[in-house]
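As provided, data.txt (compact mmCIF, N, CA, C and O atoms) reads as follows.
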```
# COMPACT_ATOMS: atom_id res chain seq x y z
N MET A 237 12.76 -20.18 65.63
CA MET A 237 13.89 -20.19 66.53
C MET A 237 14.61 -21.54 66.35
O MET A 237 14.00 -22.59 66.46
N ALA A 238 15.90 -21.50 66.10
CA ALA A 238 16.67 -22.72 65.90
C ALA A 238 17.03 -23.39 67.23
O ALA A 238 17.02 -24.61 67.35
N VAL A 239 17.38 -22.59 68.24
CA VAL A 239 17.80 -23.13 69.53
C VAL A 239 17.20 -22.29 70.65
O VAL A 239 17.29 -21.06 70.63
N VAL A 240 16.57 -22.97 71.61
CA VAL A 240 16.02 -22.31 72.79
C VAL A 240 16.63 -22.99 74.01
O VAL A 240 16.78 -24.21 74.04
N SER A 241 16.95 -22.21 75.01
CA SER A 241 17.54 -22.76 76.22
C SER A 241 16.83 -22.21 77.45
O SER A 241 16.36 -21.09 77.46
N LEU A 242 16.78 -23.04 78.48
CA LEU A 242 16.28 -22.66 79.80
C LEU A 242 17.46 -22.65 80.75
O LEU A 242 18.30 -23.55 80.69
N GLY A 243 17.54 -21.67 81.61
CA GLY A 243 18.62 -21.70 82.59
C GLY A 243 18.82 -20.37 83.27
O GLY A 243 18.36 -19.34 82.79
N GLU A 244 19.51 -20.43 84.40
CA GLU A 244 19.75 -19.23 85.19
C GLU A 244 21.07 -18.58 84.80
O GLU A 244 22.11 -19.22 84.77
N THR A 245 21.00 -17.31 84.52
CA THR A 245 22.19 -16.49 84.31
C THR A 245 22.24 -15.50 85.46
O THR A 245 21.22 -14.98 85.88
N MET A 246 23.43 -15.30 85.99
CA MET A 246 23.59 -14.47 87.18
C MET A 246 24.65 -13.40 86.93
O MET A 246 25.24 -13.34 85.87
N ILE A 247 24.89 -12.61 87.95
CA ILE A 247 25.98 -11.64 87.93
C ILE A 247 27.12 -12.24 88.75
O ILE A 247 26.95 -12.62 89.90
N LEU A 248 28.29 -12.34 88.12
CA LEU A 248 29.49 -12.87 88.76
C LEU A 248 30.35 -11.72 89.24
O LEU A 248 30.63 -10.79 88.48
N PHE A 249 30.72 -11.77 90.50
CA PHE A 249 31.67 -10.82 91.07
C PHE A 249 33.00 -11.54 91.26
O PHE A 249 33.07 -12.54 91.97
N SER A 250 34.04 -11.05 90.60
CA SER A 250 35.38 -11.63 90.67
C SER A 250 36.34 -10.61 91.26
O SER A 250 36.29 -9.43 90.90
N PRO A 251 37.23 -11.06 92.15
CA PRO A 251 38.20 -10.13 92.72
C PRO A 251 39.25 -9.75 91.68
O PRO A 251 39.54 -10.51 90.77
N GLU A 252 39.78 -8.57 91.82
CA GLU A 252 40.82 -8.12 90.90
C GLU A 252 42.17 -8.77 91.20
O GLU A 252 43.05 -8.78 90.37
N GLU A 253 42.32 -9.31 92.40
CA GLU A 253 43.57 -9.95 92.81
C GLU A 253 43.30 -11.34 93.35
O GLU A 253 42.18 -11.68 93.69
N THR A 254 44.35 -12.16 93.43
CA THR A 254 44.21 -13.48 94.03
C THR A 254 44.22 -13.34 95.55
O THR A 254 44.71 -12.35 96.10
N GLY A 255 43.67 -14.34 96.22
CA GLY A 255 43.63 -14.35 97.67
C GLY A 255 42.25 -14.69 98.17
O GLY A 255 41.28 -14.76 97.41
N GLN A 256 42.13 -14.91 99.45
CA GLN A 256 40.86 -15.25 100.05
C GLN A 256 39.90 -14.06 99.99
O GLN A 256 40.33 -12.90 100.05
N LEU A 257 38.60 -14.38 99.88
CA LEU A 257 37.59 -13.32 99.76
C LEU A 257 37.69 -12.29 100.88
O LEU A 257 37.49 -11.09 100.65
N ARG A 258 37.97 -12.74 102.07
CA ARG A 258 37.98 -11.81 103.22
C ARG A 258 39.05 -10.72 103.10
O ARG A 258 38.94 -9.69 103.74
N TYR A 259 40.04 -10.94 102.24
CA TYR A 259 41.10 -9.95 102.07
C TYR A 259 40.95 -9.09 100.82
O TYR A 259 41.65 -8.10 100.66
N ASN A 260 40.06 -9.47 99.93
CA ASN A 260 39.87 -8.72 98.69
C ASN A 260 38.89 -7.58 98.90
O ASN A 260 37.87 -7.74 99.57
N ARG A 261 39.17 -6.44 98.32
CA ARG A 261 38.30 -5.27 98.45
C ARG A 261 37.76 -4.80 97.12
O ARG A 261 36.76 -4.10 97.07
N ASN A 262 38.41 -5.15 96.04
CA ASN A 262 38.02 -4.65 94.72
C ASN A 262 37.57 -5.80 93.83
O ASN A 262 38.30 -6.77 93.63
N TYR A 263 36.36 -5.65 93.28
CA TYR A 263 35.77 -6.68 92.44
C TYR A 263 35.26 -6.06 91.14
O TYR A 263 34.92 -4.88 91.10
N TYR A 264 35.20 -6.86 90.11
CA TYR A 264 34.52 -6.45 88.89
C TYR A 264 33.37 -7.42 88.68
O TYR A 264 33.38 -8.54 89.21
N SER A 265 32.37 -6.99 87.96
CA SER A 265 31.20 -7.84 87.75
C SER A 265 30.96 -8.06 86.27
O SER A 265 31.34 -7.22 85.44
N ARG A 266 30.34 -9.21 85.97
CA ARG A 266 29.97 -9.50 84.59
C ARG A 266 28.79 -10.47 84.59
O ARG A 266 28.52 -11.13 85.59
N VAL A 267 28.13 -10.53 83.47
CA VAL A 267 27.02 -11.46 83.27
C VAL A 267 27.63 -12.84 82.99
O VAL A 267 28.56 -12.96 82.19
N ALA A 268 27.11 -13.87 83.67
CA ALA A 268 27.69 -15.20 83.50
C ALA A 268 26.61 -16.29 83.57
O ALA A 268 25.77 -16.28 84.45
N GLY A 269 26.67 -17.22 82.63
CA GLY A 269 25.76 -18.35 82.63
C GLY A 269 26.04 -19.25 81.44
O GLY A 269 26.16 -18.77 80.31
N ALA A 270 26.17 -20.53 81.69
CA ALA A 270 26.51 -21.48 80.62
C ALA A 270 25.48 -21.48 79.50
O ALA A 270 25.85 -21.52 78.32
N GLU A 271 24.21 -21.43 79.86
CA GLU A 271 23.16 -21.47 78.83
C GLU A 271 23.22 -20.25 77.93
O GLU A 271 23.17 -20.37 76.70
N THR A 272 23.34 -19.08 78.52
CA THR A 272 23.38 -17.89 77.69
C THR A 272 24.70 -17.77 76.93
O THR A 272 24.71 -17.27 75.80
N ASN A 273 25.79 -18.25 77.51
CA ASN A 273 27.06 -18.26 76.76
C ASN A 273 26.92 -19.09 75.49
O ASN A 273 27.39 -18.70 74.42
N THR A 274 26.27 -20.24 75.61
CA THR A 274 26.06 -21.11 74.44
C THR A 274 25.18 -20.43 73.41
O THR A 274 25.48 -20.43 72.21
N LEU A 275 24.08 -19.82 73.87
CA LEU A 275 23.17 -19.13 72.95
C LEU A 275 23.86 -17.97 72.25
O LEU A 275 23.65 -17.75 71.05
N ILE A 276 24.67 -17.24 72.98
CA ILE A 276 25.40 -16.11 72.38
C ILE A 276 26.35 -16.62 71.30
O ILE A 276 26.43 -16.04 70.21
N GLY A 277 27.07 -17.68 71.59
CA GLY A 277 27.97 -18.26 70.59
C GLY A 277 27.24 -18.70 69.34
O GLY A 277 27.69 -18.44 68.21
N LEU A 278 26.09 -19.36 69.53
CA LEU A 278 25.29 -19.81 68.39
C LEU A 278 24.73 -18.62 67.60
O LEU A 278 24.68 -18.65 66.37
N ALA A 279 24.33 -17.57 68.31
CA ALA A 279 23.82 -16.37 67.63
C ALA A 279 24.91 -15.74 66.78
O ALA A 279 24.66 -15.29 65.65
N LYS A 280 26.14 -15.74 67.28
CA LYS A 280 27.26 -15.19 66.51
C LYS A 280 27.55 -16.03 65.27
O LYS A 280 28.12 -15.52 64.31
N LEU A 281 27.17 -17.31 65.31
CA LEU A 281 27.33 -18.18 64.15
C LEU A 281 26.16 -18.09 63.18
O LEU A 281 26.14 -18.77 62.16
N GLY A 282 25.18 -17.25 63.51
CA GLY A 282 24.06 -17.01 62.60
C GLY A 282 22.77 -17.74 62.93
O GLY A 282 21.80 -17.63 62.20
N TYR A 283 22.73 -18.49 64.03
CA TYR A 283 21.51 -19.19 64.42
C TYR A 283 20.58 -18.23 65.16
O TYR A 283 21.04 -17.34 65.88
N GLN A 284 19.27 -18.44 65.01
CA GLN A 284 18.30 -17.69 65.79
C GLN A 284 18.15 -18.40 67.12
O GLN A 284 17.81 -19.59 67.16
N THR A 285 18.45 -17.68 68.21
CA THR A 285 18.42 -18.30 69.53
C THR A 285 17.48 -17.55 70.46
O THR A 285 17.24 -16.35 70.30
N GLY A 286 16.96 -18.27 71.43
CA GLY A 286 16.07 -17.68 72.42
C GLY A 286 16.36 -18.23 73.80
O GLY A 286 16.72 -19.39 73.95
N TRP A 287 16.19 -17.39 74.78
CA TRP A 287 16.47 -17.76 76.17
C TRP A 287 15.21 -17.62 76.99
O TRP A 287 14.52 -16.60 76.94
N MET A 288 14.89 -18.65 77.79
CA MET A 288 13.75 -18.62 78.70
C MET A 288 14.30 -18.71 80.12
O MET A 288 15.07 -19.62 80.44
N SER A 289 13.91 -17.74 80.96
CA SER A 289 14.41 -17.74 82.33
C SER A 289 13.61 -16.75 83.15
O SER A 289 12.60 -16.19 82.69
N ARG A 290 14.10 -16.52 84.35
CA ARG A 290 13.50 -15.55 85.25
C ARG A 290 14.65 -14.82 85.95
O ARG A 290 15.60 -15.45 86.39
N VAL A 291 14.55 -13.52 86.03
CA VAL A 291 15.51 -12.71 86.78
C VAL A 291 14.71 -11.83 87.73
O VAL A 291 13.50 -11.69 87.59
N GLY A 292 15.40 -11.27 88.69
CA GLY A 292 14.72 -10.34 89.59
C GLY A 292 14.33 -9.07 88.85
O GLY A 292 14.97 -8.68 87.86
N LYS A 293 13.26 -8.46 89.30
CA LYS A 293 12.86 -7.17 88.71
C LYS A 293 13.67 -6.09 89.42
O LYS A 293 13.18 -5.35 90.28
N ASP A 294 14.95 -6.04 89.05
CA ASP A 294 15.90 -5.13 89.68
C ASP A 294 16.94 -4.72 88.64
O ASP A 294 16.89 -5.16 87.49
N GLU A 295 17.84 -3.87 89.02
CA GLU A 295 18.84 -3.35 88.09
C GLU A 295 19.74 -4.45 87.53
O GLU A 295 20.12 -4.41 86.36
N LEU A 296 20.11 -5.43 88.35
CA LEU A 296 20.97 -6.50 87.85
C LEU A 296 20.23 -7.39 86.86
O LEU A 296 20.80 -7.84 85.86
N GLY A 297 18.96 -7.62 87.10
CA GLY A 297 18.15 -8.38 86.15
C GLY A 297 18.05 -7.65 84.81
O GLY A 297 18.18 -8.25 83.74
N LYS A 298 17.85 -6.35 84.88
CA LYS A 298 17.79 -5.54 83.65
C LYS A 298 19.13 -5.57 82.93
O LYS A 298 19.19 -5.61 81.70
N ARG A 299 20.22 -5.56 83.69
CA ARG A 299 21.55 -5.64 83.07
C ARG A 299 21.73 -6.96 82.32
O ARG A 299 22.25 -6.98 81.21
N ILE A 300 21.30 -8.06 82.93
CA ILE A 300 21.43 -9.37 82.28
C ILE A 300 20.62 -9.40 80.99
O ILE A 300 21.13 -9.81 79.94
N ILE A 301 19.36 -8.99 81.07
CA ILE A 301 18.51 -9.03 79.87
C ILE A 301 19.12 -8.18 78.76
O ILE A 301 19.22 -8.61 77.61
N ALA A 302 19.54 -6.97 79.09
CA ALA A 302 20.11 -6.07 78.08
C ALA A 302 21.39 -6.65 77.48
O ALA A 302 21.61 -6.57 76.27
N SER A 303 22.20 -7.27 78.30
CA SER A 303 23.46 -7.84 77.83
C SER A 303 23.23 -9.01 76.88
O SER A 303 23.83 -9.08 75.80
N VAL A 304 22.35 -9.91 77.27
CA VAL A 304 22.08 -11.10 76.45
C VAL A 304 21.38 -10.68 75.15
O VAL A 304 21.73 -11.15 74.06
N ARG A 305 20.40 -9.79 75.25
CA ARG A 305 19.71 -9.28 74.06
C ARG A 305 20.69 -8.58 73.13
O ARG A 305 20.64 -8.72 71.92
N GLY A 306 21.63 -7.83 73.70
CA GLY A 306 22.62 -7.11 72.92
C GLY A 306 23.55 -8.03 72.13
O GLY A 306 24.18 -7.61 71.16
N GLU A 307 23.62 -9.28 72.54
CA GLU A 307 24.44 -10.28 71.83
C GLU A 307 23.64 -11.02 70.77
O GLU A 307 24.14 -11.97 70.16
N GLY A 308 22.38 -10.62 70.55
CA GLY A 308 21.58 -11.21 69.48
C GLY A 308 20.67 -12.35 69.89
O GLY A 308 20.11 -13.04 69.03
N VAL A 309 20.47 -12.55 71.18
CA VAL A 309 19.61 -13.61 71.68
C VAL A 309 18.23 -13.03 71.98
O VAL A 309 18.11 -11.97 72.62
N ASP A 310 17.17 -13.72 71.56
CA ASP A 310 15.79 -13.30 71.85
C ASP A 310 15.53 -13.50 73.35
O ASP A 310 15.65 -14.62 73.86
N THR A 311 15.18 -12.44 74.05
CA THR A 311 14.91 -12.52 75.49
C THR A 311 13.43 -12.28 75.81
O THR A 311 13.09 -12.00 76.95
N SER A 312 12.57 -12.40 74.82
CA SER A 312 11.16 -12.09 75.03
C SER A 312 10.47 -13.07 75.99
O SER A 312 9.40 -12.77 76.50
N PHE A 313 11.09 -14.22 76.26
CA PHE A 313 10.51 -15.19 77.19
C PHE A 313 11.15 -15.12 78.57
O PHE A 313 10.94 -16.00 79.40
N VAL A 314 11.93 -14.09 78.84
CA VAL A 314 12.51 -13.91 80.17
C VAL A 314 11.54 -13.08 81.01
O VAL A 314 11.08 -12.04 80.58
N LYS A 315 11.23 -13.57 82.18
CA LYS A 315 10.30 -12.89 83.08
C LYS A 315 11.06 -12.18 84.19
O LYS A 315 12.06 -12.70 84.69
N GLU A 316 10.58 -11.02 84.57
CA GLU A 316 11.14 -10.29 85.70
C GLU A 316 10.27 -10.58 86.93
O GLU A 316 9.08 -10.33 86.92
N ASP A 317 10.88 -11.11 87.97
CA ASP A 317 10.20 -11.55 89.17
C ASP A 317 10.30 -10.48 90.26
O ASP A 317 11.39 -10.14 90.70
N GLU A 318 9.15 -9.96 90.69
CA GLU A 318 9.13 -8.94 91.74
C GLU A 318 9.38 -9.52 93.12
O GLU A 318 9.72 -8.79 94.05
N SER A 319 9.23 -10.83 93.28
CA SER A 319 9.34 -11.44 94.62
C SER A 319 10.71 -12.03 94.92
O SER A 319 10.94 -12.49 96.04
N ALA A 320 11.62 -12.05 93.96
CA ALA A 320 12.94 -12.64 94.19
C ALA A 320 14.00 -11.82 93.46
O ALA A 320 13.77 -11.36 92.35
N PRO A 321 15.15 -11.63 94.10
CA PRO A 321 16.21 -10.85 93.45
C PRO A 321 16.97 -11.67 92.41
O PRO A 321 16.92 -12.90 92.40
N THR A 322 17.68 -10.98 91.56
CA THR A 322 18.55 -11.63 90.59
C THR A 322 19.68 -12.34 91.34
O THR A 322 20.21 -11.81 92.32
N GLY A 323 20.04 -13.52 90.86
CA GLY A 323 21.09 -14.31 91.50
C GLY A 323 22.48 -13.72 91.32
O GLY A 323 22.79 -13.11 90.30
N LEU A 324 23.29 -13.91 92.35
CA LEU A 324 24.68 -13.46 92.35
C LEU A 324 25.58 -14.63 92.69
O LEU A 324 25.18 -15.55 93.39
N PHE A 325 26.80 -14.59 92.19
CA PHE A 325 27.79 -15.50 92.71
C PHE A 325 29.15 -14.83 92.74
O PHE A 325 29.42 -13.89 92.02
N LEU A 326 29.97 -15.31 93.66
CA LEU A 326 31.29 -14.74 93.90
C LEU A 326 32.35 -15.77 93.54
O LEU A 326 32.19 -16.96 93.82
N LYS A 327 33.43 -15.29 92.96
CA LYS A 327 34.55 -16.17 92.66
C LYS A 327 35.70 -15.80 93.58
O LYS A 327 36.02 -14.63 93.74
N GLU A 328 36.29 -16.81 94.18
CA GLU A 328 37.49 -16.62 94.99
C GLU A 328 38.65 -17.26 94.24
O GLU A 328 38.61 -18.45 93.93
N ARG A 329 39.65 -16.46 93.90
CA ARG A 329 40.84 -16.96 93.21
C ARG A 329 41.96 -17.04 94.24
O ARG A 329 42.64 -16.06 94.49
N THR A 330 42.13 -18.22 94.83
CA THR A 330 43.14 -18.36 95.87
C THR A 330 44.55 -18.36 95.29
O THR A 330 45.48 -17.92 95.95
N THR A 331 44.69 -18.86 94.08
CA THR A 331 45.95 -18.77 93.33
C THR A 331 45.60 -18.49 91.88
O THR A 331 44.43 -18.51 91.50
N VAL A 332 46.58 -18.27 91.06
CA VAL A 332 46.33 -18.02 89.64
C VAL A 332 45.62 -19.21 89.00
O VAL A 332 44.78 -19.04 88.11
N ASP A 333 45.92 -20.43 89.45
CA ASP A 333 45.37 -21.64 88.86
C ASP A 333 44.20 -22.26 89.64
O ASP A 333 43.66 -23.28 89.22
N SER A 334 43.79 -21.67 90.74
CA SER A 334 42.78 -22.28 91.60
C SER A 334 41.70 -21.27 91.95
O SER A 334 41.99 -20.12 92.30
N SER A 335 40.44 -21.71 91.86
CA SER A 335 39.34 -20.83 92.24
C SER A 335 38.20 -21.62 92.84
O SER A 335 38.08 -22.83 92.62
N LYS A 336 37.38 -20.94 93.62
CA LYS A 336 36.15 -21.49 94.20
C LYS A 336 35.03 -20.54 93.86
O LYS A 336 35.25 -19.35 93.68
N VAL A 337 33.82 -21.07 93.81
CA VAL A 337 32.65 -20.25 93.49
C VAL A 337 31.64 -20.39 94.63
O VAL A 337 31.40 -21.48 95.14
N PHE A 338 31.04 -19.27 95.02
CA PHE A 338 30.03 -19.23 96.08
C PHE A 338 28.77 -18.59 95.54
O PHE A 338 28.82 -17.49 95.01
N TYR A 339 27.63 -19.30 95.66
CA TYR A 339 26.34 -18.82 95.14
C TYR A 339 25.54 -18.17 96.25
O TYR A 339 25.57 -18.56 97.36
```
Rewrite the structure of this file - the entire thing - as structure tokens.
Amino acid sequence: MAVVSLGETMILFSPEETGQLRYNRNYYSRVAGAETNTLIGLAKLGYQTGWMSRVGKDELGKRIIASVRGEGVDTSFVKEDESAPTGLFLKERTTVDSSKVFY
């Protein structure tokens, strides 16, 4: 393995429109994490990469593992935790140029 990374990757929920979270009703979700983004980029450049982490033993955890593995990153060191759920975070886009993140 050329590059191995440790870190938390979560599911990001982003509103389809700008405005405060309390007014938004429609969101889309995606897998998001700086460590896995870096590993995916390196894998696309031909490096063998591996990710070490822990996700919840739930559907969102399975989605993360499948997504990262599908990008060519070795996920064999990712553990599924029965005692804790997969992490989520929400993005609030108050304007086109401004956003806040809530974990």
Given the point (22.7, -17.6, 82.8) in the file's coordinates, find the residues that have an atom at most 9 Å from it, counting only C-alpha atoms, and give them as an mmCIF file with N, CA, C and O atoms, in the frame of the given file.
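Produced file out-v4.cif, reproduced below:
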```
data_model
loop_
_atom_site.group_PDB
_atom_site.id
_atom_site.type_symbol
_atom_site.label_atom_id
_atom_site.label_comp_id
_atom_site.auth_asym_id
_atom_site.auth_seq_id
_atom_site.Cartn_x
_atom_site.Cartn_y
_atom_site.Cartn_z
ATOM 1 N N LEU A 242 16.780 -23.040 78.480
ATOM 2 C CA LEU A 242 16.280 -22.660 79.800
ATOM 3 C C LEU A 242 17.460 -22.650 80.750
ATOM 4 O O LEU A 242 18.300 -23.550 80.690
ATOM 5 N N GLY A 243 17.540 -21.670 81.610
ATOM 6 C CA GLY A 243 18.620 -21.700 82.590
ATOM 7 C C GLY A 243 18.820 -20.370 83.270
ATOM 8 O O GLY A 243 18.360 -19.340 82.790
ATOM 9 N N GLU A 244 19.510 -20.430 84.400
ATOM 10 C CA GLU A 244 19.750 -19.230 85.190
ATOM 11 C C GLU A 244 21.070 -18.580 84.800
ATOM 12 O O GLU A 244 22.110 -19.220 84.770
ATOM 13 N N THR A 245 21.000 -17.310 84.520
ATOM 14 C CA THR A 245 22.190 -16.490 84.310
ATOM 15 C C THR A 245 22.240 -15.500 85.460
ATOM 16 O O THR A 245 21.220 -14.980 85.880
ATOM 17 N N MET A 246 23.430 -15.300 85.990
ATOM 18 C CA MET A 246 23.590 -14.470 87.180
ATOM 19 C C MET A 246 24.650 -13.400 86.930
ATOM 20 O O MET A 246 25.240 -13.340 85.870
ATOM 21 N N ILE A 247 24.890 -12.610 87.950
ATOM 22 C CA ILE A 247 25.980 -11.640 87.930
ATOM 23 C C ILE A 247 27.120 -12.240 88.750
ATOM 24 O O ILE A 247 26.950 -12.620 89.900
ATOM 25 N N VAL A 267 28.130 -10.530 83.470
ATOM 26 C CA VAL A 267 27.020 -11.460 83.270
ATOM 27 C C VAL A 267 27.630 -12.840 82.990
ATOM 28 O O VAL A 267 28.560 -12.960 82.190
ATOM 29 N N ALA A 268 27.110 -13.870 83.670
ATOM 30 C CA ALA A 268 27.690 -15.200 83.500
ATOM 31 C C ALA A 268 26.610 -16.290 83.570
ATOM 32 O O ALA A 268 25.770 -16.280 84.450
ATOM 33 N N GLY A 269 26.670 -17.220 82.630
ATOM 34 C CA GLY A 269 25.760 -18.350 82.630
ATOM 35 C C GLY A 269 26.040 -19.250 81.440
ATOM 36 O O GLY A 269 26.160 -18.770 80.310
ATOM 37 N N ALA A 270 26.170 -20.530 81.690
ATOM 38 C CA ALA A 270 26.510 -21.480 80.620
ATOM 39 C C ALA A 270 25.480 -21.480 79.500
ATOM 40 O O ALA A 270 25.850 -21.520 78.320
ATOM 41 N N GLU A 271 24.210 -21.430 79.860
ATOM 42 C CA GLU A 271 23.160 -21.470 78.830
ATOM 43 C C GLU A 271 23.220 -20.250 77.930
ATOM 44 O O GLU A 271 23.170 -20.370 76.700
ATOM 45 N N THR A 272 23.340 -19.080 78.520
ATOM 46 C CA THR A 272 23.380 -17.890 77.690
ATOM 47 C C THR A 272 24.700 -17.770 76.930
ATOM 48 O O THR A 272 24.710 -17.270 75.800
ATOM 49 N N ASN A 273 25.790 -18.250 77.510
ATOM 50 C CA ASN A 273 27.060 -18.260 76.760
ATOM 51 C C ASN A 273 26.920 -19.090 75.490
ATOM 52 O O ASN A 273 27.390 -18.700 74.420
ATOM 53 N N SER A 289 13.910 -17.740 80.960
ATOM 54 C CA SER A 289 14.410 -17.740 82.330
ATOM 55 C C SER A 289 13.610 -16.750 83.150
ATOM 56 O O SER A 289 12.600 -16.190 82.690
ATOM 57 N N ILE A 300 21.300 -8.060 82.930
ATOM 58 C CA ILE A 300 21.430 -9.370 82.280
ATOM 59 C C ILE A 300 20.620 -9.400 80.990
ATOM 60 O O ILE A 300 21.130 -9.810 79.940
#
```
Suppose you want the space between atom C of Lys293 of chain A and atom C of Tyr264 of chain A; what is it in Å?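 Separation between atom C of Lys293 of chain A and atom C of Tyr264 of chain A: 19.8 Å.
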Expected answer as a ChimeraX atom specification: strand (DSSP E or B) residues in chain A: /A:239-242,246-251,263-268,285-292,310-317,324-331,334-338
Which of chain A counts as alpha helix (DSSP H) under DSSP, as a list of chain:residue names please? A:Ala270, A:Glu271, A:Thr272, A:Asn273, A:Thr274, A:Leu275, A:Ile276, A:Gly277, A:Leu278, A:Ala279, A:Lys280, A:Glu295, A:Leu296, A:Gly297, A:Lys298, A:Arg299, A:Ile300, A:Ile301, A:Ala302, A:Ser303, A:Val304, A:Arg305, A:Gly306
Test item: residues at most 5 Å from Gly292 of chain A, all atoms listed in the file, excluding those fewer than 6 positions along its chain, as a JSON list (two decimals) with N, CA, C and O atoms, in the frame of the given file:
```
[["chain", "number", "residue", "atom", "x", "y", "z"],
["A", 298, "LYS", "N", 17.85, -6.35, 84.88],
["A", 298, "LYS", "CA", 17.79, -5.54, 83.65],
["A", 298, "LYS", "C", 19.13, -5.57, 82.93],
["A", 298, "LYS", "O", 19.19, -5.61, 81.70],
["A", 316, "GLU", "N", 10.58, -11.02, 84.57],
["A", 316, "GLU", "CA", 11.14, -10.29, 85.70],
["A", 316, "GLU", "C", 10.27, -10.58, 86.93],
["A", 316, "GLU", "O", 9.08, -10.33, 86.92],
["A", 317, "ASP", "N", 10.88, -11.11, 87.97],
["A", 317, "ASP", "CA", 10.20, -11.55, 89.17],
["A", 317, "ASP", "C", 10.30, -10.48, 90.26],
["A", 317, "ASP", "O", 11.39, -10.14, 90.70],
["A", 320, "ALA", "N", 11.62, -12.05, 93.96],
["A", 320, "ALA", "CA", 12.94, -12.64, 94.19],
["A", 320, "ALA", "C", 14.00, -11.82, 93.46],
["A", 320, "ALA", "O", 13.77, -11.36, 92.35],
["A", 321, "PRO", "N", 15.15, -11.63, 94.10],
["A", 321, "PRO", "CA", 16.21, -10.85, 93.45],
["A", 321, "PRO", "C", 16.97, -11.67, 92.41],
["A", 321, "PRO", "O", 16.92, -12.90, 92.40],
["A", 322, "THR", "N", 17.68, -10.98, 91.56],
["A", 322, "THR", "CA", 18.55, -11.63, 90.59],
["A", 322, "THR", "C", 19.68, -12.34, 91.34],
["A", 322, "THR", "O", 20.21, -11.81, 92.32]]
```
May I ask for the distance between atom N of Leu248 of chain A and atom C of Asp310 of chain A, given in Å to one decimal place?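 Value for the atom N of Leu248 of chain A-atom C of Asp310 of chain A distance: 19.6 Å.
Distances here use only C-alpha atoms; by that measure, the residue among A:Gly323, A:Glu328, A:Ala238, A:Gly297 closest to Gly282 of chain A is A:Ala238.
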Atom-to-atom span, atom CA of Arg266 of chain A and atom N of Glu252 of chain A, Å: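 Atom N of Glu252 of chain A lies at a distance of 12.2 Å from atom CA of Arg266 of chain A.
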Six-sided padding of 4 Å per side, axis-aligned box over segment 272-275 of chain A, centre and edges in Å, one decimal, as JSON:
```
{"center_x": 25.3, "center_y": -19.2, "center_z": 74.8, "size_x": 12.2, "size_y": 11.8, "size_z": 15.5}
```
Out of A:Phe249, A:Phe325, A:Lys280, A:Thr274, which residue has the shortest atom-to-atom distance to Asn262 of chain A when counting only C-alpha atoms?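 Checking each candidate against Asn262 of chain A, we get A:Phe249 as the closest.
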Given the point (39.8, -8.5, 92.6) in the coordinates of this file, which residues lie within 8 Å, counting only C-alpha atoms, and how would they look as a list in words? Ser250, Pro251, Glu252, Glu253, Thr254, Asn260, Arg261, Asn262, Tyr263 and Tyr264 of chain A
So which residues touch Thr285 of chain A within 6 Å, counting all atoms listed in the file, skipping near sequence neighbours fewer than 5 positions away, as a list in words?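 Residues meeting the cut-off are Met237, Ala238, Val239, Val240, Leu275, Ala279, Gly308, Val309, Asp310 and Thr311 of chain A.
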Restricting the calculation to only C-alpha atoms: of A:Gln284, A:Gln256, A:Ser312, A:Ser319, which residue gets closest to Thr331 of chain A? A:Gln256
